[in-house]
Structure formats: C-alpha cells, structure tokens
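Taking it in order: structure first as structure tokens, then the write-up.
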Amino acid sequence: MRLDSPGADRVTALVLFLLGGAAAYGGFVMDRLEIRQIHPASIPGLVPMILGAMLMVCAVALAWSTRRAPTGGAGPEQVSWRRFAVTLFWCALYALAAIGQIPFAPATAVFVAGFILWFLWTENDRAGSPGPLVVVAVLAFSGATAFGIAALFQYGFLVRLP
Amino acid sequence: MIDGLVQFVTAIGHLVTPESLFHVAWATLLGIIVGSLPGLTATMGVALLTTLTYSLDRDAAILTLICMYVGAIYGGSRSAILLNIPGTPASAATTLDGYPLAQQGKAAYAMGLATAGSALGTLVGIILLVLIAPPLAEIALEFGSFEFFWLAVFGIVISGQLTGDASPLKGYIAGILGLLVAMVGSDGIHAHVRFTLGFDALNGGLGLIPAMVGAFGFAEVLTVMWRQKAALVSGSLGTDRSIPRLLDLWRYKFTIMRSGIIGTLVGIIPGVGEDIGAWGSYAVAKKTSKESDQFGKGSMEGLTAAETGNSAVVPGALIPALTLAVPGSAPAAVLIAALFIHGVRPGPMIMIEAADFVYLVAAMLFFATLAIAIYGLTLTRLFVLVLRIPREWLMPVIFVLCVIGPYALTQRIFEIWVMFAFGVLGFVLRQMKYPMAPLVLGIILGDLLDKSLRRGLTLSNGELEPFFTRPISAVFATIVVVSIVAGLPPVRRLAGRMLGNGARSTAER
C-alpha cells in the first residue's frame with residue numbers, strides 16, 4: 001500500500017481519531033487544580049480537550065474525503081524500500097543502541113564506515129565490489145569524521161560526549 | 001523611515017570586522033553547499049548549525065545562521081537547474097525554466113541569472129524588513145491575550161491552507177499535531193505537567209531543536225537513501241557566460257520588483273515559506289508576461305521570478321519572527337529557537353528592549369546577499385563538483401551531526417530519542433503528503449495559543465465575547481473563519497464552477 005493512497009489515509013484517519021479521542025479524554029480527566037483555587041477557565045486540560053476534539057473532526061473529514069479520491073495516485077516513484085530499511089536499521093543501531101553504551105568516537109567511526117561500505121557493496125553493481133584502495137579511503141574518512149566531530153564538540157564546545 | 005535606514009547603515013558598519021566577514025564567508029558558502037545538495041534543506045542546515053553555534057557570541061551566532069539560511073535557499077537553484085531536482089523545496093519553481101535552459105546549453109547563464117534574481121529579491125526584502133518591522137512591532141504592542149490567541153490560530157490555519165498539497169485538511173491536521181506536541185510537559189500558567197506518561201524526561205516538554213533536526217535532518221537522510229540517485233544534466237555547464245547581462249536584468253526590472261514584494265509579503269504570513277513565495281511570484285509573472293508561452297520551456301523571466309520570489313521570503317519571514325515571535329517559515333522557526341538560546345527575546349518588546357538588533361539582522365542579511373552574489377557568479381564550477389558528492393558518503397556524516405547536535409544542547413541521551421522519533425514521523429508524514437510547516441508552527445505556537453486562550457478566558461471571566469469584539473481580534477477571527485469556509489470542498493467546488501462560468505462567459509464575449 002502506497003503511503004499517499006486513499007487506503008493509507010483511511011488507516012491514518014482511524015489512528016488520528018483515536019489519538020484525538022485520547023487527547024480529549026486526557027484533557028477532560030486532567031487535574032483541575034481546584035485545591036489551588038484557579039479560575040475554572042484556566043484549567044490545564046482545556047486546550048488539549050479542544051485540540052483532541054478538533055483532531056477527531058479532521059480525522060472524520062479525512063476518512064470522508066477518501067470516498068471519491070482516485071485509487072491509482074501518481075505513477076510509481078523510483079524508490080527502494082530495501083535501502084530505506086537498511087538505513088533505518090543502521091541508524092537506529094547507532095543512535096539508540098550504540099550511543100551511550102560505546103564511546104562516541106569509535107561508535108561513530110564504525111557507523112560511518114559500515115554505512116558507506118554497505119551501500120558501496122550493494123549498490124555499485126556496475127563496478128563490482130569496491131577495491132582495497134576504496135576500503136582504505138572509507139576507513140580513513142570514517143576515522144577522520146568520527147574523531148574530527150568528537151574533538152570539535154568535546155574541545156570546541158566543551159560537550160561531555162556520550 | 002529615514003531613521004530606520006540610518007540605523008541600518010550603522011549596523012552595516014558594525015559588521016565590517018574581519019571576524020564578522022569571516023563568518024559571512026564560511027557560513028554562506030556552507031549554506032550554498034547544503035542548499036545545492038538534494039535532500040539537504042535550509043531548515044536542516046539552520047537547525048544543525050544552531051547546535052554548532054552554542055559557544056559563539058550572540059551576533060556571530062545569529063550572523064552565521066542567517067548566512068546559512070540565505071545561502072541554502074539560494075543554493076537550491078543549483079541542483080534545480082542542473083539535476084531538475086530542487087535542492088530545497090523553495091527551488092521547485094526554479095526547475096520549470098532552469099532545467100530547460102540547462103538542456104539548451106545555457107546552464108551557466110541560468111545560474112548567473114538565478115544568482116542575480118536571488119540577490120535582488122533579498123535586497124527588496126531587506127528594505128521592506130527595515131520599513132515594516134518597526135511599525136509592526138508597535139502595532140503588536142497593542143496585542144493582548146485575545147489577539148495573541150487569534151494570531152496563533154491564524155498562523156496554523158493559513159499555514160495549513162497554503163501548504164496543504166491538494167486540500168488544506170492535511171495542513172490543518174499537521175498543525176493540530178504540532179499543537180498537541182507542544183502540550184506535552186509543564187503548562188505555561190500553572191506549571192502542571194501534562195501528557196508525560198510517567199517519563200520525567202518529558203517534564204520540560206519536547207525540545208524544538210531535536211524535533212526539527214529529526215523532522216528535517218534524519219527524515220531527509222531516510223528520504224535521500226530511499227529514492228533513486230539523480231543524474232546531472234548532460235553537456236555540463238554549456239558554453240554560455242555566467243554573469244547576467246545588465247540588459248536582461250533591466251528588461252525584467254518589474255518582474256524582479258514585483259516578485260520581491262510578493263516574496264516578502266508571503267514571508268510575513270506565518271509558516272508559509274519560500275516555496276509558496278516562489279510559486280506565487282512565478283504564477284503572477286506568467287500571467288503578466290509578454291512571453292508567457294515560453295514559461296516552462298526555458299523562460300529567463302520565469303527563472304528570475306521564481307528565484308527572486310523565494311529569496312525575498314527570507315527577510316519577509318524574519319519580520320514576524322522578530323516582532324511577533326511567530327515564524328514566517330520553517331527555518332525562521334529554528335532561528336527563533338536560536339535567538340532564545342542566545343539571549344534575544346523576539347516579540348513585540350524587541351523594538352523597546354533591543355531596537356538595534358532588528359537593523360543588525362537586516363545588515364546580516366545584506367552581507368549574506370553580497371556573499372551569494374560573489375560566490376554565485378564566481379564559483380559556478382565548484383557547485384557542479386559539490387553535486388557529484390556521493391550520497392553514501394555524505395548521509396552518514398549528516399546523521400552523526402543529527403545525533404550529536406541535539407545531544408549537545410542538554411547533554412541528555414533522551415534528546416537523541418526525540419530526534420529519532422521525529423525523523424521517522426517526519427518521513428512518514430511527508431510521504432503521506434502532510435506539510436511540515438504547520439507541524440513546526442504548531443510546536444512553536446502551541447504554548448502561545450494555550451496561554452493566551454486561558455489567560456483571555458480568565459480576564460473575561462469565562463466570556464468568549466472579547467475574542468470576537470475587540471477590533472484586531474475581530475479581523476483575525478474573520479480571516480480565520482473565511483479561510484476555513486473557503487477551504488471546504490463544497491465551497492471550493494462552487495467557487496470553481498462560478499469562476500469557470502465566469503471565464504467561459506468572458507471568452508464568449
């Protein structure tokens with residue numbers, strides 16, 4: 001299913017309706033701070049309630065608008081979900097798992113080298129696998145990038161690196 | 001008015017120092033490179049650079065961010081002309097005539113013309129910034145909670161209306177989602193913690209910089225790697241000259257002036273942005289041109305209109321950003337965050353607390369404009385080389401900056417998670433044709449809307465009447481209601497039928 005298709009819009013409408021309902025309910029049951037004797041019109045849940053209700057209305061309108069929408073959409077775009085999945089996985093591994101567990105500079109060097117080499121190997125179908133010189137260049141580039149950025153933030157901006 | 005221009009000239013003098021000129025030189029060049037590369041947007045450039053300017057003093061930091069902004073918007077024209085892919089969304093209209101010109105072997109001349117258009121457009125915008133910002137700030141001093149509430153609603157509605165792809169509905173939804181994001185954390189009146197789901201890290205709310213870096217940085221990394229590679233136009237730059245003939249610029253003087261004004265006015269409208277400025281200028285130029293049949297086939301006038309229009313939005317977007325703390329575009333939203341980081345409080349009080357700062361910003365824009373003119377006319381071949389940088393090498397470096405930049409702000413791993421989540425969300429929403437500008441505007445304006453509504457209701461003892469009867473509120477309310485009604489499908493169909501009949505009867509006559 002394409003992400004810009006009526007089917008996807010219907011699923012989104014359902015998600016948005018539930019989200020709007022949750023926001024409105026959350027605003028409704030939110031503490032009204034009566035113990036602090038605040039003005040009833042300034043309760044913290046007021047705007048979330050309104051926004052939740054508006055999101056629900058928009059979700060219904062979105063679902064309604066898909067009735068007459070053409071199902072075909074624009075022509076197929078030249079995209080690769082495999083490239084997307086690899087990028088997302090590798091970035092998630094680096095940002096959510098490695099950072100904080102492994103020192104920043106080595107984790108970054110491995111991430112950058114792995115990213116470049118993976119796509120050079122899998123995408124470079126014309127020239128085949130990258131030669132040893134390219135691999136050395138990638139490793140040098142990754143090391144320089146990782147330690148350069150680490151040094152800039154640690155010594156230039158006095159950031160305690162993760 | 002004369003006083004304003006004198007202060008502007010004084011501010012220019014203040015910036016003529018080796019240190020400032022050095023910052024102008026590197027930041028504008030970096031901005032052009034960022035803008036040139038498809039997938040790297042001005043918002044992402046400004047957001048990432050904000051994280052690199054924490055340690056600079058106020059003027060140097062804002063100067064580099066403004067140079068990045070101006071450079072990136074201009075730089076988008078390089079790939080629009082040579083790749084037929086706008087480097088930033090702002091250059092989408094540039095592709096229509098820029099790429100055909102490149103195919104005709106006039107790529108260098110097209111880039112020169114785009115440079116001149118961008119520089120002149122920004123200059124028109126700077127003049128309007130100097131003239132409009134002070135009186136607007138004065139008017140804004142009259143604003144109370146009721147007016148600020150409507151200003152926030154107006155921003156979300158108009159931004160949703162103008163940036164929504166086919167219908168404004170997705171624009172409105174993006175705006176509401178942004179407002180809901182802003183509801184997370186301590187509320188601005190009673191400091192009551194909302195929607196944190198038990199995570200203490202959410203008590204302070206979701207940071208704008210991590211959210212923007214995710215939505216515009218990481219989302220772009222995913223998008224660039226997801227799509228096919230773009231191919232450079234064959235025949236390189238052609239043999240034509242790259243410095244535009246003065247005769248061409250003189251011939252298009254009205255187009256330049258008009259596009260500059262349209263771009264600036266579009267910039268003033270909250271959250272609309274450079275792409276709408278370019279499309280608006282292009283459409284008007286096409287309508288009024290004597291050579292309208294050439295538009296889309298390599299019209300120099302079309303190219304000039306698009307580039308003048310998008311560049312003029314930059315100073316225009318800074319007008320509400322400085323005087324109302326309401327951004328005119330997504331990069332301006334990041335600039336507002338950067339202003340707060342560096343101790344400047346944008347809003348109606350700016351002309352009282354730091355009047356000279358407004359003129360200093362205009363002077364910064366002036367230097368950035370000079371820099372794009374110099375770079376654009378002399379470094380044409382370098383920018384072609386930049387477009388050849390393989391994405392596999394560039395994107396991991398961008399992502400590393402996306403990770404370390406937000407972390408550096410508070411030194412919390414949590415900011416990296418926020419960036420990541422917004423990156424994935426931004427990617428999905430963009431593929432589903434939800435515009436990003438209302439989402440960003442919602443995050444920025446959420447607190448203002450929340451506080452203004454509740455304060456207004458407290459002041460009026462729960463009565464809604466002042467929201468509709470005070471003069472400025474009434475104007476805002478009317479515009480908001482008319483905009484929403486005009487966006488309803490039955491009304492749009494009816495208007496379309498009426499306009500169609502009108503056009504037919506005119507043709508019959």
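Note on naming: chains are A, B, ... as they come in the structure tokens, residues start from 1 per chain, ligands start from 1 in the order shown.
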Range 256-270 of chain B surroundings by only C-alpha atoms, 9 Å radius, close-in-sequence under 6 positions cut, as a ChimeraX atom specification: /B:117,120-126,128-129,152,154-156,158-159,249,276-278,280-282,284-285,301,304-321,326-329,441
Chain B residues near chain A (8 Å cut-off, only C-alpha atoms) as number ranges by chain: B: 52, 54-55, 169-170, 172-173, 176-177, 179-180, 183, 187, 190, 192, 194-195, 222-223, 225-228, 392-393, 396-397, 399-400, 403, 408, 411, 413, 416-417, 420, 428, 431-433, 450, 454-455, 457-458, 461-462
Spatial neighbours of Pro210 in chain B, 8 Å, only C-alpha atoms, chain gap at least 6 places, as a list in words: Pro406, Glu415, Ile416, Val418 and Met419 of chain B
B:Met300, B:Val221, B:Leu339, B:Pro18 ranked by distance to Thr255 in chain B, top pick (using only C-alpha atoms):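 Comparing B:Met300, B:Val221, B:Leu339, B:Pro18 against Thr255 in chain B, the winner is B:Met300.
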Secondary structure check, alpha helix (DSSP H) residues of chain A, as a ChimeraX atom specification: /A:6-29,46-65,81-92,104-123,132-151
Export of the given selection (C-alpha atoms) as a short mmCIF file (atom, residue, chain, number, x, y, z; two decimals), in the first residue's frame:
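The new file out-v6.cif reads:
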data_model
loop_
_atom_site.label_atom_id
_atom_site.label_comp_id
_atom_site.auth_asym_id
_atom_site.auth_seq_id
_atom_site.Cartn_x
_atom_site.Cartn_y
_atom_site.Cartn_z
CA PRO A 6 -6.76 6.57 0.00
CA GLY A 7 -6.28 3.26 1.85
CA ALA A 8 -3.39 4.71 3.84
CA ASP A 9 -5.47 7.84 4.51
CA ARG A 10 -8.28 5.69 5.93
CA VAL A 11 -5.90 3.93 8.31
CA THR A 12 -4.40 7.30 9.30
CA ALA A 13 -7.86 8.72 9.88
CA LEU A 14 -8.56 5.90 12.34
CA VAL A 15 -5.23 6.46 14.13
CA LEU A 16 -5.82 10.22 14.28
CA PHE A 17 -9.37 9.72 15.57
CA LEU A 18 -8.08 7.52 18.39
CA LEU A 19 -5.26 9.98 19.13
CA GLY A 20 -7.71 12.88 19.19
CA GLY A 21 -10.02 10.93 21.46
CA ALA A 22 -7.15 10.10 23.79
CA ALA A 23 -6.06 13.78 23.92
CA ALA A 24 -9.62 14.97 24.57
CA TYR A 25 -10.18 12.34 27.28
CA GLY A 26 -6.76 13.08 28.79
CA GLY A 27 -7.63 16.78 28.92
CA PHE A 28 -11.05 16.03 30.43
CA VAL A 29 -9.74 13.88 33.27
CA LEU A 46 -8.82 22.92 28.37
CA VAL A 47 -6.70 23.30 25.23
CA PRO A 48 -5.86 19.56 24.94
CA MET A 49 -9.60 18.85 25.09
CA ILE A 50 -10.30 21.33 22.28
CA LEU A 51 -7.37 20.11 20.17
CA GLY A 52 -8.37 16.48 20.67
CA ALA A 53 -11.93 17.22 19.55
CA MET A 54 -10.66 19.14 16.51
CA LEU A 55 -8.35 16.29 15.56
CA MET A 56 -11.29 13.88 15.75
CA VAL A 57 -13.33 16.14 13.45
CA CYS A 58 -10.43 16.37 10.99
CA ALA A 59 -9.98 12.57 11.11
CA VAL A 60 -13.65 12.07 10.19
CA ALA A 61 -13.27 14.62 7.37
CA LEU A 62 -10.14 12.80 6.17
CA ALA A 63 -11.93 9.46 6.10
CA TRP A 64 -14.89 11.09 4.32
CA SER A 65 -12.61 12.69 1.71
CA TRP A 81 12.38 0.02 0.48
CA ARG A 82 15.39 -2.22 0.99
CA ARG A 83 17.74 0.79 1.04
CA PHE A 84 15.31 2.52 3.38
CA ALA A 85 15.16 -0.46 5.76
CA VAL A 86 18.95 -0.81 5.88
CA THR A 87 19.37 2.93 6.52
CA LEU A 88 16.74 2.92 9.27
CA PHE A 89 18.17 -0.19 10.93
CA TRP A 90 21.78 1.01 10.84
CA CYS A 91 20.84 4.49 12.10
CA ALA A 92 18.70 3.01 14.89
CA PHE A 104 31.13 8.27 20.84
CA ALA A 105 34.16 8.40 18.52
CA PRO A 106 34.63 4.62 17.98
CA ALA A 107 30.86 4.10 17.63
CA THR A 108 30.71 6.88 15.03
CA ALA A 109 33.69 5.53 13.09
CA VAL A 110 32.10 2.09 12.88
CA PHE A 111 28.71 3.58 11.92
CA VAL A 112 30.10 5.76 9.12
CA ALA A 113 32.37 3.03 7.74
CA GLY A 114 29.61 0.42 7.88
CA PHE A 115 27.11 2.73 6.20
CA ILE A 116 29.40 3.66 3.30
CA LEU A 117 30.78 0.17 2.73
CA TRP A 118 27.34 -1.49 2.82
CA PHE A 119 25.96 0.82 0.15
CA LEU A 120 29.14 0.69 -1.94
CA TRP A 121 28.97 -3.10 -1.93
CA THR A 122 25.27 -3.47 -2.59
CA GLU A 123 24.60 -0.50 -4.87
CA PRO A 132 41.15 -2.29 -1.31
CA LEU A 133 42.07 1.34 -2.04
CA VAL A 134 38.44 2.40 -1.74
CA VAL A 135 38.10 0.43 1.51
CA VAL A 136 41.17 2.17 2.92
CA ALA A 137 39.77 5.53 1.83
CA VAL A 138 36.44 4.75 3.52
CA LEU A 139 38.16 3.72 6.76
CA ALA A 140 40.33 6.85 6.73
CA PHE A 141 37.30 9.04 6.02
CA SER A 142 35.26 7.38 8.78
CA GLY A 143 38.05 7.75 11.32
CA ALA A 144 38.68 11.37 10.41
CA THR A 145 34.95 12.18 10.52
CA ALA A 146 34.39 10.45 13.86
CA PHE A 147 37.39 11.86 15.66
CA GLY A 148 37.04 15.28 14.00
CA ILE A 149 33.40 15.68 15.12
CA ALA A 150 34.21 14.28 18.57
CA ALA A 151 37.10 16.72 19.00
#
Strand (DSSP E) positions in range 122-309 of chain B, given as an NGL selection string: :B and (185-186 or 193-194)
CA of Ile444 in chain B to CA of Ala337 in chain B, straight-line distance in Å: 8.8 Å
Interatomic distance, CA of Gly160 in chain B to CA of Gly175 in chain B (Å, one decimal): 6.6 Å
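Between CA of Thr51 in chain B and CA of Gly405 in chain B the separation is 4.9 Å.
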Give me, as a PDB file with N, CA and C atoms, in the first residue's frame, all polymer residues having an atom no more than 7 Å from Tyr434 in chain B, counting only C-alpha atoms and skipping those fewer than 3 positions away in the same chain.
ATOM      1  N   GLY B 164      -0.899  22.878   2.398  1.00  0.00           N
ATOM      2  CA  GLY B 164      -1.551  21.588   2.137  1.00  0.00           C
ATOM      3  C   GLY B 164      -1.467  21.273   0.656  1.00  0.00           C
ATOM      4  N   LYS B 170      -5.034  18.221   5.290  1.00  0.00           N
ATOM      5  CA  LYS B 170      -3.804  17.632   5.832  1.00  0.00           C
ATOM      6  C   LYS B 170      -2.925  18.698   6.467  1.00  0.00           C
ATOM      7  N   GLY B 171      -3.027  19.912   5.956  1.00  0.00           N
ATOM      8  CA  GLY B 171      -2.295  21.029   6.576  1.00  0.00           C
ATOM      9  C   GLY B 171      -2.827  21.314   7.975  1.00  0.00           C
ATOM     10  N   ALA B 174      -1.739  18.522  10.336  1.00  0.00           N
ATOM     11  CA  ALA B 174      -0.325  18.689  10.726  1.00  0.00           C
ATOM     12  C   ALA B 174      -0.199  19.779  11.792  1.00  0.00           C
ATOM     13  N   LEU B 429       5.016  11.207   7.549  1.00  0.00           N
ATOM     14  CA  LEU B 429       4.054  12.280   7.251  1.00  0.00           C
ATOM     15  C   LEU B 429       4.325  12.901   5.885  1.00  0.00           C
ATOM     16  N   ARG B 430       5.610  13.093   5.571  1.00  0.00           N
ATOM     17  CA  ARG B 430       5.932  13.708   4.281  1.00  0.00           C
ATOM     18  C   ARG B 430       5.521  12.805   3.121  1.00  0.00           C
TER      19      ARG B 430
END
